[in-house]
Structures are given as structure tokens and as C-alpha cells.
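**Q** This is protein-v4.txt (compact mmCIF, C-alpha atoms).
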# COMPACT_ATOMS: atom_id res chain seq x y z
CA MET A 1265 153.53 76.92 137.34
CA GLY A 1266 150.32 78.00 135.65
CA VAL A 1267 149.60 77.72 131.96
CA VAL A 1268 150.94 80.69 129.98
CA ALA A 1269 148.16 82.25 127.94
CA GLN A 1270 148.76 82.39 124.21
CA PRO A 1271 148.73 85.93 122.80
CA ASP A 1272 146.01 86.98 120.40
CA ASP A 1273 146.86 86.30 116.75
CA LEU A 1274 146.74 89.93 115.73
CA ALA A 1275 147.91 89.20 112.19
CA ALA A 1276 144.70 87.31 111.45
CA LEU A 1277 142.71 90.17 112.96
CA THR A 1278 144.46 93.10 111.28
CA ARG A 1279 145.84 92.04 107.89
CA PRO A 1280 142.57 92.70 106.03
CA ASP A 1281 143.04 96.37 107.01
CA PHE A 1282 146.36 96.67 105.15
CA PRO A 1283 145.89 96.76 101.36
CA LEU A 1284 149.61 96.70 100.54
CA LEU A 1285 150.16 93.40 102.34
CA ALA A 1286 147.67 91.64 100.05
CA GLN A 1287 149.75 92.12 96.89
CA THR A 1288 151.92 89.53 95.21
CA ALA A 1289 155.58 89.99 94.39
CA CYS A 1290 157.94 88.40 91.90
CA LEU A 1291 156.73 85.25 90.13
CA GLY A 1292 153.36 85.56 91.83
CA GLN A 1293 154.70 84.90 95.31
CA PRO A 1294 153.02 86.59 98.27
CA LEU A 1295 154.80 89.76 99.35
CA ILE A 1296 156.41 89.47 102.79
CA TYR A 1297 157.22 92.83 104.35
CA LEU A 1298 159.78 92.61 107.17
CA ASP A 1299 161.02 96.20 107.21
CA HIS A 1300 158.61 97.77 109.70
CA ALA A 1301 161.42 99.41 111.70
CA ALA A 1302 162.18 101.54 108.62
CA THR A 1303 158.56 102.46 107.94
CA SER A 1304 155.23 100.89 108.85
CA GLN A 1305 152.46 100.00 106.45
CA LYS A 1306 149.21 101.97 106.66
CA PRO A 1307 145.76 100.55 107.41
CA ARG A 1308 142.79 101.58 105.29
CA GLN A 1309 141.46 103.60 108.24
CA VAL A 1310 144.45 105.93 107.91
CA LEU A 1311 144.19 106.09 104.13
CA GLU A 1312 140.47 106.89 104.41
CA ALA A 1313 141.11 109.64 106.95
CA LEU A 1314 143.59 111.28 104.58
CA GLN A 1315 141.21 110.97 101.65
CA HIS A 1316 138.28 112.33 103.66
CA TYR A 1317 140.24 115.41 104.67
CA TYR A 1318 141.19 116.25 101.10
CA ASP A 1319 137.74 115.38 99.75
CA HIS A 1320 135.68 117.26 102.33
CA ASP A 1321 137.66 119.50 104.71
CA ASN A 1322 140.70 120.81 102.84
CA ALA A 1323 141.46 124.28 104.21
CA ASN A 1324 144.10 126.03 106.27
CA VAL A 1325 143.82 125.71 110.04
CA HIS A 1326 143.31 128.33 112.77
CA ARG A 1327 143.12 131.31 110.43
CA GLY A 1328 139.80 131.02 108.62
CA ALA A 1329 136.33 131.80 109.92
CA HIS A 1330 134.57 129.57 107.38
CA GLN A 1331 133.27 126.06 107.99
CA LEU A 1332 136.02 124.23 106.07
CA SER A 1333 138.71 125.87 108.17
CA ALA A 1334 136.77 125.10 111.32
CA ARG A 1335 136.54 121.40 110.40
CA ALA A 1336 140.20 121.24 109.39
CA THR A 1337 141.22 122.89 112.66
CA GLU A 1338 139.05 120.47 114.63
CA GLY A 1339 140.70 117.48 112.94
CA PHE A 1340 144.20 118.92 113.29
CA GLU A 1341 143.89 119.84 116.95
CA GLY A 1342 142.03 116.59 117.60
CA ALA A 1343 145.12 114.74 116.37
CA ARG A 1344 147.24 116.71 118.83
CA ALA A 1345 144.95 115.65 121.69
CA LYS A 1346 145.21 112.03 120.54
CA ALA A 1347 149.01 112.20 120.49
CA ALA A 1348 148.99 113.74 123.97
CA ALA A 1349 146.80 110.96 125.35
CA PHE A 1350 148.88 108.32 123.55
CA VAL A 1351 152.05 109.28 125.45
CA GLY A 1352 150.40 110.30 128.73
CA ALA A 1353 151.01 114.03 128.38
CA SER A 1354 149.43 116.39 130.88
CA SER A 1355 148.04 118.64 128.15
CA PRO A 1356 147.83 118.84 124.35
CA ASN A 1357 149.87 122.04 124.73
CA GLU A 1358 152.85 119.79 125.42
CA ILE A 1359 152.69 118.28 121.89
CA VAL A 1360 154.54 120.19 119.17
CA PHE A 1361 154.00 118.92 115.63
CA THR A 1362 157.13 118.56 113.49
CA ARG A 1363 157.95 116.97 110.13
CA ASN A 1364 159.52 113.94 111.83
CA ALA A 1365 161.40 112.89 114.96
CA SER A 1366 164.67 114.19 113.52
CA GLU A 1367 163.22 117.69 113.35
CA ALA A 1368 161.89 117.33 116.88
CA ILE A 1369 165.39 116.54 118.20
CA ASN A 1370 166.82 119.43 116.20
CA LEU A 1371 164.17 121.69 117.74
CA VAL A 1372 165.37 120.82 121.23
CA ALA A 1373 169.02 121.18 120.24
CA ARG A 1374 168.44 124.56 118.59
CA SER A 1375 165.99 126.04 121.06
CA TRP A 1376 166.74 124.55 124.47
CA GLY A 1377 170.36 123.70 123.70
CA GLU A 1378 171.49 127.07 122.40
CA ALA A 1379 169.70 128.88 125.23
CA ASN A 1380 171.09 126.71 128.01
CA LEU A 1381 174.42 125.11 127.09
CA ARG A 1382 177.80 126.77 127.53
CA PRO A 1383 181.40 125.65 126.82
CA GLY A 1384 182.24 122.64 129.00
CA ASP A 1385 178.62 121.62 129.61
CA GLU A 1386 178.06 117.97 128.70
CA VAL A 1387 175.44 116.09 126.69
CA LEU A 1388 175.46 112.35 127.34
CA LEU A 1389 174.44 110.03 124.49
CA THR A 1390 174.99 106.32 123.80
CA VAL A 1391 176.90 104.48 121.07
CA MET A 1392 173.66 102.82 119.88
CA GLU A 1393 171.96 106.06 118.84
CA HIS A 1394 170.38 106.65 115.45
CA HIS A 1395 172.18 109.37 113.52
CA SER A 1396 169.20 111.65 114.24
CA ASN A 1397 170.20 111.59 117.91
CA LEU A 1398 173.90 112.13 117.21
CA VAL A 1399 174.26 114.70 114.43
CA PRO A 1400 172.08 117.48 115.98
CA TRP A 1401 174.18 117.35 119.16
CA GLN A 1402 177.42 117.37 117.15
CA LEU A 1403 176.24 120.52 115.40
CA LEU A 1404 175.24 122.01 118.76
CA ALA A 1405 178.69 121.21 120.19
CA ASP A 1406 180.26 123.08 117.26
CA ARG A 1407 178.08 126.11 117.97
CA THR A 1408 178.21 126.21 121.77
CA GLY A 1409 181.39 124.43 122.85
CA CYS A 1410 179.45 121.84 124.83
CA VAL A 1411 181.04 118.39 125.16
CA LEU A 1412 179.53 115.12 123.95
CA ARG A 1413 180.02 111.91 125.90
CA HIS A 1414 178.78 108.42 125.03
CA ALA A 1415 177.71 105.53 127.24
CA GLY A 1416 178.74 102.08 126.06
CA LEU A 1417 177.20 98.63 125.75
CA SER A 1418 177.20 95.44 127.79
CA ALA A 1419 178.49 92.17 126.37
CA SER A 1420 174.91 91.19 125.49
CA GLY A 1421 174.34 94.35 123.44
CA GLU A 1422 172.33 96.29 126.01
CA LEU A 1423 172.94 99.70 127.55
CA ASP A 1424 175.76 99.54 130.09
CA LEU A 1425 174.00 101.34 132.91
CA ASP A 1426 177.11 101.33 135.09
CA ASP A 1427 179.07 103.06 132.35
CA LEU A 1428 176.30 105.62 131.88
CA ARG A 1429 176.21 106.21 135.63
CA SER A 1430 179.97 106.79 135.69
CA LYS A 1431 179.71 109.42 132.95
CA ILE A 1432 177.00 111.52 134.58
CA SER A 1433 178.50 114.41 136.54
CA GLU A 1434 177.72 117.92 137.69
CA ARG A 1435 178.63 119.04 134.14
CA THR A 1436 175.91 116.88 132.54
CA ARG A 1437 173.02 119.00 131.29
CA LEU A 1438 171.15 116.50 129.12
CA VAL A 1439 170.98 112.75 128.63
CA SER A 1440 169.51 111.88 125.22
CA LEU A 1441 168.94 108.26 124.25
CA VAL A 1442 166.74 105.87 122.35
CA GLN A 1443 164.13 103.87 124.22
CA VAL A 1444 164.40 100.95 121.81
CA SER A 1445 167.41 100.50 119.52
CA ASN A 1446 166.56 100.10 115.85
CA THR A 1447 169.58 97.79 115.44
CA LEU A 1448 170.10 96.01 118.76
CA GLY A 1449 166.41 95.78 119.59
CA CYS A 1450 167.16 96.33 123.27
CA LEU A 1451 164.69 98.15 125.51
CA ASN A 1452 166.58 100.72 127.56
CA PRO A 1453 165.73 101.33 131.26
CA ILE A 1454 164.59 104.91 130.74
CA ALA A 1455 163.10 105.39 134.21
CA ALA A 1456 166.41 104.37 135.82
CA VAL A 1457 168.36 106.64 133.47
CA ALA A 1458 166.00 109.53 134.22
CA ALA A 1459 166.46 109.07 137.96
CA LEU A 1460 170.25 109.20 137.57
CA ALA A 1461 170.09 112.24 135.30
CA HIS A 1462 167.67 114.19 137.48
CA ALA A 1463 169.76 113.49 140.59
CA ALA A 1464 172.62 115.28 138.80
CA GLY A 1465 170.37 118.15 137.69
CA ALA A 1466 170.24 117.02 134.04
CA LEU A 1467 167.27 116.65 131.69
CA VAL A 1468 166.35 113.55 129.66
CA LEU A 1469 165.28 113.32 126.02
CA VAL A 1470 163.86 110.01 124.78
CA ASP A 1471 163.80 108.93 121.14
CA ALA A 1472 160.67 106.77 121.15
CA CYS A 1473 160.38 106.09 117.41
CA GLN A 1474 160.91 102.33 117.81
CA SER A 1475 158.88 101.95 121.01
CA LEU A 1476 155.68 103.91 120.35
CA PRO A 1477 154.35 101.46 117.70
CA HIS A 1478 155.06 98.37 119.77
CA LEU A 1479 154.45 98.87 123.51
CA PRO A 1480 152.74 101.23 125.94
CA VAL A 1481 154.69 104.47 126.49
CA ASN A 1482 153.90 107.00 129.22
CA VAL A 1483 156.14 110.03 129.62
CA ARG A 1484 155.32 110.50 133.28
CA GLN A 1485 156.12 106.90 134.14
CA LEU A 1486 159.39 107.17 132.22
CA GLY A 1487 160.33 110.39 134.01
CA ALA A 1488 161.26 112.01 130.69
CA ASP A 1489 161.57 115.73 130.04
CA PHE A 1490 161.37 115.49 126.24
CA LEU A 1491 160.19 112.66 123.99
CA VAL A 1492 160.05 112.45 120.20
CA GLY A 1493 158.00 110.25 117.88
CA SER A 1494 157.45 109.76 114.16
CA SER A 1495 154.10 109.13 112.48
CA HIS A 1496 155.36 106.87 109.70
CA LYS A 1497 156.73 104.37 112.23
CA LEU A 1498 153.30 103.93 113.86
CA CYS A 1499 151.04 103.26 110.86
CA GLY A 1500 150.61 106.95 110.03
CA PRO A 1501 151.68 109.11 107.07
CA THR A 1502 155.20 110.31 106.38
CA GLY A 1503 156.11 113.97 106.88
CA MET A 1504 154.68 114.12 110.40
CA GLY A 1505 156.24 113.73 113.83
CA PHE A 1506 156.03 115.33 117.23
CA LEU A 1507 157.92 116.57 120.22
CA TRP A 1508 156.51 116.12 123.69
CA GLY A 1509 158.06 118.38 126.30
CA ARG A 1510 157.20 119.32 129.85
CA GLU A 1511 155.12 122.47 129.60
CA ALA A 1512 157.37 124.58 131.82
CA LEU A 1513 160.38 123.70 129.65
CA LEU A 1514 158.57 124.52 126.42
CA GLU A 1515 157.31 127.81 127.85
CA ALA A 1516 160.88 128.87 128.63
CA MET A 1517 162.30 127.90 125.21
CA PRO A 1518 162.58 130.43 122.37
CA PRO A 1519 160.98 129.69 118.99
CA PHE A 1520 162.78 127.35 116.61
CA LEU A 1521 161.53 128.84 113.31
CA GLY A 1522 159.97 132.19 112.49
CA GLY A 1523 157.04 132.98 110.22
CA GLY A 1524 153.29 132.86 110.17
CA GLU A 1525 151.21 131.03 112.77
CA MET A 1526 153.86 131.14 115.52
CA ILE A 1527 153.30 134.83 116.25
CA GLN A 1528 150.93 136.84 118.42
CA ASP A 1529 151.69 140.32 117.05
CA VAL A 1530 154.12 141.44 114.33
CA TYR A 1531 155.55 144.95 114.01
CA LEU A 1532 158.16 146.17 111.56
CA ASP A 1533 160.93 145.94 114.12
CA HIS A 1534 159.84 143.17 116.49
CA SER A 1535 157.26 140.45 117.14
CA THR A 1536 155.68 138.61 120.02
CA TRP A 1537 155.03 134.88 120.09
CA ALA A 1538 151.92 132.76 120.22
CA GLY A 1539 151.31 130.49 123.17
CA LEU A 1540 152.10 126.79 123.30
CA PRO A 1541 152.35 124.78 121.20
CA HIS A 1542 151.97 127.16 118.24
CA LYS A 1543 155.11 129.12 119.15
CA PHE A 1544 157.09 126.26 117.60
CA GLU A 1545 154.91 125.64 114.53
CA ALA A 1546 155.79 128.25 111.92
CA GLY A 1547 153.88 128.32 108.65
CA THR A 1548 151.15 126.09 107.25
CA PRO A 1549 151.46 122.67 108.91
CA ALA A 1550 151.02 119.19 107.47
CA ILE A 1551 147.30 119.15 108.20
CA GLY A 1552 146.27 115.99 106.39
CA GLU A 1553 149.28 114.13 107.75
CA ALA A 1554 148.43 115.14 111.32
CA ILE A 1555 144.87 113.93 110.85
CA GLY A 1556 146.23 110.69 109.39
CA MET A 1557 148.52 110.24 112.39
CA GLY A 1558 145.53 110.76 114.66
CA ALA A 1559 143.69 107.99 112.80
CA ALA A 1560 146.73 105.73 113.20
CA ILE A 1561 146.80 106.36 116.94
CA ASP A 1562 143.08 105.54 117.11
CA TYR A 1563 143.78 102.30 115.24
CA LEU A 1564 146.61 101.20 117.53
CA GLN A 1565 144.71 102.06 120.69
CA ALA A 1566 141.65 100.15 119.47
CA ILE A 1567 143.82 97.04 119.23
CA GLY A 1568 145.59 97.76 122.50
CA MET A 1569 149.31 98.33 122.95
CA GLU A 1570 149.60 95.53 125.53
CA ARG A 1571 148.07 93.08 123.04
CA ILE A 1572 150.41 94.29 120.31
CA HIS A 1573 153.42 93.88 122.57
CA ALA A 1574 152.41 90.36 123.63
CA TRP A 1575 151.87 89.15 120.05
CA GLU A 1576 155.13 90.67 118.88
CA GLN A 1577 157.00 89.03 121.76
CA HIS A 1578 155.61 85.70 120.54
CA LEU A 1579 156.76 86.45 117.00
CA THR A 1580 160.20 87.54 118.21
CA ARG A 1581 160.83 84.30 120.06
CA HIS A 1582 159.96 82.37 116.91
CA LEU A 1583 162.16 84.62 114.75
CA PHE A 1584 165.16 84.13 117.04
CA ALA A 1585 164.66 80.37 117.21
CA ARG A 1586 164.77 80.16 113.41
CA LEU A 1587 167.71 82.52 112.97
CA GLN A 1588 169.83 80.98 115.72
CA ALA A 1589 169.69 77.68 113.82
CA VAL A 1590 171.48 79.22 110.81
CA ASP A 1591 175.18 78.35 110.73
CA GLY A 1592 177.49 81.36 110.93
CA LEU A 1593 174.73 83.86 111.64
CA ARG A 1594 175.25 86.32 114.49
CA ILE A 1595 172.40 88.46 115.82
CA LEU A 1596 173.24 91.86 117.29
CA GLY A 1597 171.71 92.72 120.65
CA PRO A 1598 170.15 90.68 123.44
CA THR A 1599 168.15 87.51 122.86
CA PRO A 1600 164.54 87.21 124.08
CA GLY A 1601 165.93 85.02 126.84
CA GLN A 1602 168.24 87.80 127.98
CA GLN A 1603 165.64 90.55 127.57
CA PRO A 1604 162.05 89.33 127.10
CA ASP A 1605 160.78 92.85 126.30
CA ARG A 1606 163.25 93.42 123.48
CA ALA A 1607 161.96 94.71 120.14
CA ALA A 1608 160.48 92.54 117.39
CA LEU A 1609 163.49 92.81 115.11
CA ALA A 1610 166.77 91.06 114.46
CA ALA A 1611 169.80 92.71 112.87
CA PHE A 1612 172.32 90.04 111.92
CA HIS A 1613 175.66 89.38 110.26
CA VAL A 1614 176.56 86.22 108.36
CA GLU A 1615 180.24 85.34 108.23
CA GLY A 1616 181.62 85.68 104.71
CA VAL A 1617 178.36 86.97 103.19
CA HIS A 1618 177.48 90.63 102.60
CA ALA A 1619 174.17 91.91 103.95
CA ASN A 1620 173.30 93.63 100.67
CA ASP A 1621 173.62 90.35 98.76
CA ILE A 1622 171.32 88.63 101.25
CA SER A 1623 168.75 91.40 100.94
CA ALA A 1624 168.87 91.34 97.12
CA LEU A 1625 168.32 87.59 96.91
CA LEU A 1626 165.47 87.73 99.41
CA ASP A 1627 163.88 90.56 97.45
CA SER A 1628 163.89 88.37 94.35
CA ALA A 1629 161.81 85.92 96.40
CA GLY A 1630 159.34 88.65 97.40
CA ILE A 1631 160.73 89.19 100.92
CA CYS A 1632 161.53 92.77 101.97
CA ILE A 1633 164.21 93.24 104.63
CA ARG A 1634 166.73 96.02 105.32
CA SER A 1635 170.47 95.95 104.75
CA GLY A 1636 173.10 98.56 105.53
CA HIS A 1637 174.07 100.41 108.68
CA HIS A 1638 170.47 101.38 109.63
CA CYS A 1639 171.61 104.93 110.43
CA THR A 1640 173.79 103.56 113.24
CA GLN A 1641 177.29 103.72 111.76
CA PRO A 1642 179.09 104.22 115.11
CA LEU A 1643 177.32 101.15 116.50
CA HIS A 1644 178.34 99.06 113.50
CA ARG A 1645 181.93 100.24 113.90
CA HIS A 1646 181.74 99.17 117.53
CA TYR A 1647 181.05 95.63 116.28
CA GLY A 1648 183.61 95.86 113.47
CA LEU A 1649 180.92 95.74 110.78
CA SER A 1650 180.16 97.94 107.80
CA ALA A 1651 176.61 96.62 107.46
CA SER A 1652 174.08 94.13 108.76
CA ALA A 1653 170.83 92.67 107.51
CA ARG A 1654 167.69 93.36 109.52
CA ALA A 1655 164.28 91.73 109.66
CA SER A 1656 161.75 93.78 111.62
CA LEU A 1657 158.24 92.62 112.45
CA SER A 1658 154.90 94.11 113.37
CA PHE A 1659 151.57 92.90 114.69
CA THR A 1660 150.59 92.12 111.09
CA THR A 1661 153.42 89.57 110.72
CA THR A 1662 152.54 85.87 110.69
CA LEU A 1663 154.49 82.87 111.95
CA GLU A 1664 154.31 81.45 108.43
CA GLU A 1665 156.02 84.56 107.03
CA ILE A 1666 158.85 84.15 109.52
CA ASP A 1667 159.24 80.50 108.51
CA ARG A 1668 159.35 81.33 104.81
CA PHE A 1669 161.83 84.12 105.46
CA ALA A 1670 164.08 81.77 107.45
CA ASP A 1671 163.92 79.08 104.76
CA GLU A 1672 164.70 81.55 101.96
CA LEU A 1673 167.47 83.10 104.05
CA GLN A 1674 169.13 79.72 104.53
CA GLY A 1675 168.88 79.05 100.80
CA SER A 1676 170.29 82.47 99.94
CA ILE A 1677 173.23 82.05 102.29
CA SER A 1678 174.02 78.62 100.85
CA PHE A 1679 173.87 80.00 97.30
CA LEU A 1680 176.13 82.93 98.13
CA ARG A 1681 178.66 80.71 99.87
CA GLU A 1682 178.76 78.32 96.95
CA HIS A 1683 179.32 81.14 94.47
CA SER A 1684 181.70 83.32 96.46
Is it possible to express this structure as C-alpha cells?

**A**
Amino acid sequence: MGVVAQPDDLAALTRPDFPLLAQTACLGQPLIYLDHAATSQKPRQVLEALQHYYDHDNANVHRGAHQLSARATEGFEGARAKAAAFVGASSPNEIVFTRNASEAINLVARSWGEANLRPGDEVLLTVMEHHSNLVPWQLLADRTGCVLRHAGLSASGELDLDDLRSKISERTRLVSLVQVSNTLGCLNPIAAVAALAHAAGALVLVDACQSLPHLPVNVRQLGADFLVGSSHKLCGPTGMGFLWGREALLEAMPPFLGGGEMIQDVYLDHSTWAGLPHKFEAGTPAIGEAIGMGAAIDYLQAIGMERIHAWEQHLTRHLFARLQAVDGLRILGPTPGQQPDRAALAAFHVEGVHANDISALLDSAGICIRSGHHCTQPLHRHYGLSASARASLSFTTTLEEIDRFADELQGSISFLREHS
């Protein structure tokens, strides 16, 4: 067997770009941020792009003939082209800007769903979904009479593909699922799911919020019909997300919201719609945020998504090795040994200790993790839990930060057990 190449230490390369990570926390200790699955930190290149827009190019897009509007439009539409290239879209027309991924899913549910689903039609989800990929379909079921079904999990905390296969039928119209679970960390076999769905005549929507910042994603290779992403997960600003959809599907869908920008002609009694993608983008958009997201995509692509994935795999193996040594700690989802491509996060439960207490004690030591249900309440109920703690990494994370987190975690657990 040949020697396995060590991944590039991307933390050493990239941390100088992230001002927030240089600050100290309580008692002068270095801040350790391990909550990247909730929101990413922003490199100075993104912050500078935002500042430059507001300093030099601030104007509304598309509508003005003056030079500021022209520059703003160029930056805004340039960000759309960057997002299209980032996910392997055939055209920038297939990228619809939204406020976030939740809005993008709601757009599909409202526009495609209401136009195409009838009583008895089925939407197939999974029990691991984020609330953003559950609630919109529940609301759609109330409006249309469609039926929601849910694929289960394997013993290792991965998608049970056999169960999903058994629940696809001639009544299935859409399969909507996460590519990477924000709680289990598992990487779902989207291409296999898409093949099963398409064979039954169903479409596939992919929630890629937890995959886009961490590994290469290509919609054509996945075989997806829709895909949603969120800027703030991938080093970009909040308030910005996008929907990718196959152009023919988007062309056939009615508008989601009405107002300015999404029209071609308006009369007192009727209107006609603009072409793609503007048909779905009513009103003044988040221009600076789109430009900031474009800068974030530039930043990630300059590093290389394969390099990011390799470094984060290295970090994940180290994180699991440290956590698995903690007595009474149970990690949700597959181990790196069971699924080497799993996400760089670990949601865990410690017997007899509440996740919120763990998080609070770690915060007092300057370590930021997440506690709660992570917007996956049905999944936590599946495991008989009300909450879990979660440490989530990024390419800026160091091995030393993981070690300090593990040491402080062990100390916090011991303290809480002694004082329970």
C-alpha cells in the first residue's frame, strides 16, 4: 500500500483572512468557534466586497441607466454567474436569488407544488430533514391534499436506501432531501436517489446547505431537478440564498411573489412576467449580499473544494478519535470509518448531562458549540432525545482547537456529573 498523502493544512493558510477568529474570549483565552454548521465566519475578502459596493457602487440594479446602476447590476449578475458555475448549472438563468434556502424551498412548494400536486399525490422526505425541508411541505399538504411520506435511517444513522426505495411509487411526485445532514453528518447518495425517483416519474429537490461549503457539488452529476443553498453557510453574508432549478421546470412554474422587477408589462387588470430568473425575484433584491456571496464563492474556489474536503476529513477523524474516548458520550450518525465522506461535525449526547449545560460551560472557556435540536426535532425524537450538543468544523479549524475542545469537554462533563 502506498503512502497516504497528508492534506494541506488549510487552517494555517486561511486563518489570517478571518478577523473574528483572531479575537480572545473570556479571561483572555483564544476564541474557538466550532459552530460552522449554524453559520460560517466571513473572510476579509467578503467583508471588503460588501464595503466596496456600499462605498462605490450603491444603486438599484437593472432599472437605472446611470453608471452606478450599471456597476451594481454587473456585480449582482456576476454573482449569479458565479453561483451557477459553483453548482455546475447550465446557465445563470437557472439561479434564482432568495433570502435563504428556506425561502428557496418555499418557492418550489408554492410555485411548482401548487401547480402540480393534487390530492393523493405523494412527496417523499426523510426523518433527518431540517425543519426548512419539512414545514413547507406540511403547509403544501394542507393546501393541496398531497400526502407526505418519510424514509427512515439505518442502524448507523445513514439514509436507509431500501426503505426509501420501498416508499417510491407511481404516486410519488417529488423526493426532497438533504445532501448532508446537519445533525447526523451523513452524506446521502443523491445520485442513487435521483435515479430511483426519475424511474418513477418523480422530481428531486436537494437541500445542499451543509454540502456546498465543504465538498464539490455538481447538479448534473447528482441528477437533481432543484437544489437550494444558503450564503451564510459558505462564508458569505446572511439574508442571501439561491434556488437552482432545471430551466424547463422554472420556465413552466408561475411566479412566487408579485411586484416590481418580476414583470414585463403591467396593465390595470393584468400583467405579464419577465423572463428567467427575474420572474421569481420581486422587488429590490439584496444586492450587496449577492455580491458578498459571489466573493465568498470566489474565495472557496480559489482554495479548491477538493482541498477543503480533504483537510476537513482529516479534522473529522481527529475529532471522532477524541470524542469516542469520552465515557458515556454517544455520537449521532456514522463514524468516519463507516462513511469516510461524512461531514466535519459531531452531534452527541452524554448520558445524564444536558447538552445546554455542556454548551454553557464550554462557552465560559471561550469555546462556541451548538446545543438544542438543531432544527431537527423529528430526528431527535427518533433517537429519544430532546437535545444534543454539536461541534462543527471548517477548513479554518486547527487540530489544537479540537484537542482543547475535547479536554474542556471532558472537564465540563466531570464537573456536571459531580454536581448533579

**Q** Which neighbours of Gly1547 in chain A fall inside 9 Å, counting only C-alpha atoms, when residues of the same chain fewer than 6 positions from it are skipped, and could you give them as a PyMOL selection string?

**A** chain A and resi 1521-1526

**Q** Excluding range 1566-1568 of chain A and any residue of its chain fewer than 6 positions from it, enumerate the residues within 10 Å of it, using all atoms listed in the file, and give them as a list in words.

**A**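 These residues fall inside the cut-off: Leu1274, Leu1277, Thr1278, His1478, Leu1479, Pro1480, Ala1560 and Phe1659 of chain A.
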
**Q** Go through A:Asp1424, A:Asp1272, A:Leu1404, A:Ser1433 and flag the residue nearest Ser1375 in chain A, using all atoms listed in the file for the distances.

**A**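 Using all atoms listed in the file, Ser1375 in chain A sits closest to A:Leu1404.
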
**Q** Give me the residues near Cys1450 in chain A as a PyMOL selection string, where near means some atom within 10 Å (using only C-alpha atoms) and where sequence neighbours in that chain fewer than 5 positions away do not count.

**A** chain A and resi 1392+1420-1423+1442-1445+1596-1600+1602-1609

**Q** Based on the selection just made, write C-alpha atoms of those residues as a PDB file, keeping the file's coordinate frame.

**A**
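This went into selection-v9.pdb:
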ATOM      1  CA  MET A1392     173.660 102.820 119.880  1.00  0.00           C
ATOM      2  CA  SER A1420     174.910  91.190 125.490  1.00  0.00           C
ATOM      3  CA  GLY A1421     174.340  94.350 123.440  1.00  0.00           C
ATOM      4  CA  GLU A1422     172.330  96.290 126.010  1.00  0.00           C
ATOM      5  CA  LEU A1423     172.940  99.700 127.550  1.00  0.00           C
ATOM      6  CA  VAL A1442     166.740 105.870 122.350  1.00  0.00           C
ATOM      7  CA  GLN A1443     164.130 103.870 124.220  1.00  0.00           C
ATOM      8  CA  VAL A1444     164.400 100.950 121.810  1.00  0.00           C
ATOM      9  CA  SER A1445     167.410 100.500 119.520  1.00  0.00           C
ATOM     10  CA  LEU A1596     173.240  91.860 117.290  1.00  0.00           C
ATOM     11  CA  GLY A1597     171.710  92.720 120.650  1.00  0.00           C
ATOM     12  CA  PRO A1598     170.150  90.680 123.440  1.00  0.00           C
ATOM     13  CA  THR A1599     168.150  87.510 122.860  1.00  0.00           C
ATOM     14  CA  PRO A1600     164.540  87.210 124.080  1.00  0.00           C
ATOM     15  CA  GLN A1602     168.240  87.800 127.980  1.00  0.00           C
ATOM     16  CA  GLN A1603     165.640  90.550 127.570  1.00  0.00           C
ATOM     17  CA  PRO A1604     162.050  89.330 127.100  1.00  0.00           C
ATOM     18  CA  ASP A1605     160.780  92.850 126.300  1.00  0.00           C
ATOM     19  CA  ARG A1606     163.250  93.420 123.480  1.00  0.00           C
ATOM     20  CA  ALA A1607     161.960  94.710 120.140  1.00  0.00           C
ATOM     21  CA  ALA A1608     160.480  92.540 117.390  1.00  0.00           C
ATOM     22  CA  LEU A1609     163.490  92.810 115.110  1.00  0.00           C
TER      23      LEU A1609
END

**Q** Have a look at A:Leu1657, A:Leu1295, A:Leu1507, A:Leu1388 and name the one nearest to Trp1575 in chain A; count all atoms listed in the file.

**A**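 When distances to Trp1575 in chain A are compared using all atoms listed in the file, the smallest one comes from A:Leu1657.
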
**Q** Of the residues A:Leu1476, A:Ile1551, A:Ala1347, A:Ala1419, which is the one nearest to Leu1451 in chain A, using only C-alpha atoms?

**A**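 Ranking A:Leu1476, A:Ile1551, A:Ala1347, A:Ala1419 by distance to Leu1451 in chain A, first place goes to A:Leu1476.
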
**Q** Return the single residue from A:Leu1381, A:His1320, A:Asp1562, A:Phe1544 that is closest to Leu1498 in chain A, with distances computed using all atoms listed in the file.

**A** A:Asp1562

**Q** From the options A:Ser1635, A:Thr1337, A:Thr1362, A:Ser1440, which residue's atoms come nearest to Val1470 in chain A, counting all atoms listed in the file?

**A** A:Ser1440

**Q** Which of these, A:Gly1503, A:Gly1630, A:Gly1449, A:Pro1518, has the shortest distance to Phe1612 in chain A once you count all atoms listed in the file?

**A** A:Gly1449

**Q** Could you pull the residues within 9 Å of Leu1311 in chain A, counting only C-alpha atoms, minus those fewer than 6 positions along the same chain, as a PDB file with C-alpha atoms, in the frame of the given file?

**A**
ATOM      1  CA  GLY A1500     150.610 106.950 110.030  1.00  0.00           C
ATOM      2  CA  PRO A1501     151.680 109.110 107.070  1.00  0.00           C
ATOM      3  CA  GLY A1556     146.230 110.690 109.390  1.00  0.00           C
ATOM      4  CA  ALA A1559     143.690 107.990 112.800  1.00  0.00           C
TER       5      ALA A1559
END

**Q** What's the separation between CA of Glu1665 in chain A and CA of His1394 in chain A, in Å to one decimal place?

**A** 27.7 Å

**Q** Show me, as a list in words, the residues that have an atom within 7 Å of Ala1313 in chain A when counting all atoms listed in the file, minus same-chain residues fewer than 3 positions from it.

**A**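 Selected residues are Gln1309, Val1310, His1316, Tyr1317, Ile1555, Gly1556 and Ala1559 of chain A.
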
**Q** Just the number, please: distance in Å from CA of Cys1410 in chain A to CA of Ala1488 in chain A, one decimal.

**A**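 Computed distance, CA of Cys1410 in chain A to CA of Ala1488 in chain A, equals 21.5 Å.
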
**Q** Distance CA of Arg1413 in chain A-CA of Arg1645 in chain A, one decimal place?

**A**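 Atom-to-atom, CA of Arg1413 in chain A and CA of Arg1645 in chain A are spaced 16.8 Å apart.
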
**Q** Could you tell me, as an MDAnalysis selection string, which residues have any atom at most 12 Å from (162.0, 112.4, 124.3), counting all atoms listed in the file?

**A** chainID A and resid 1351 1353 1358:1360 1365:1366 1368:1373 1397 1438:1444 1454 1458 1467:1473 1475:1476 1481:1484 1486:1494 1506:1510
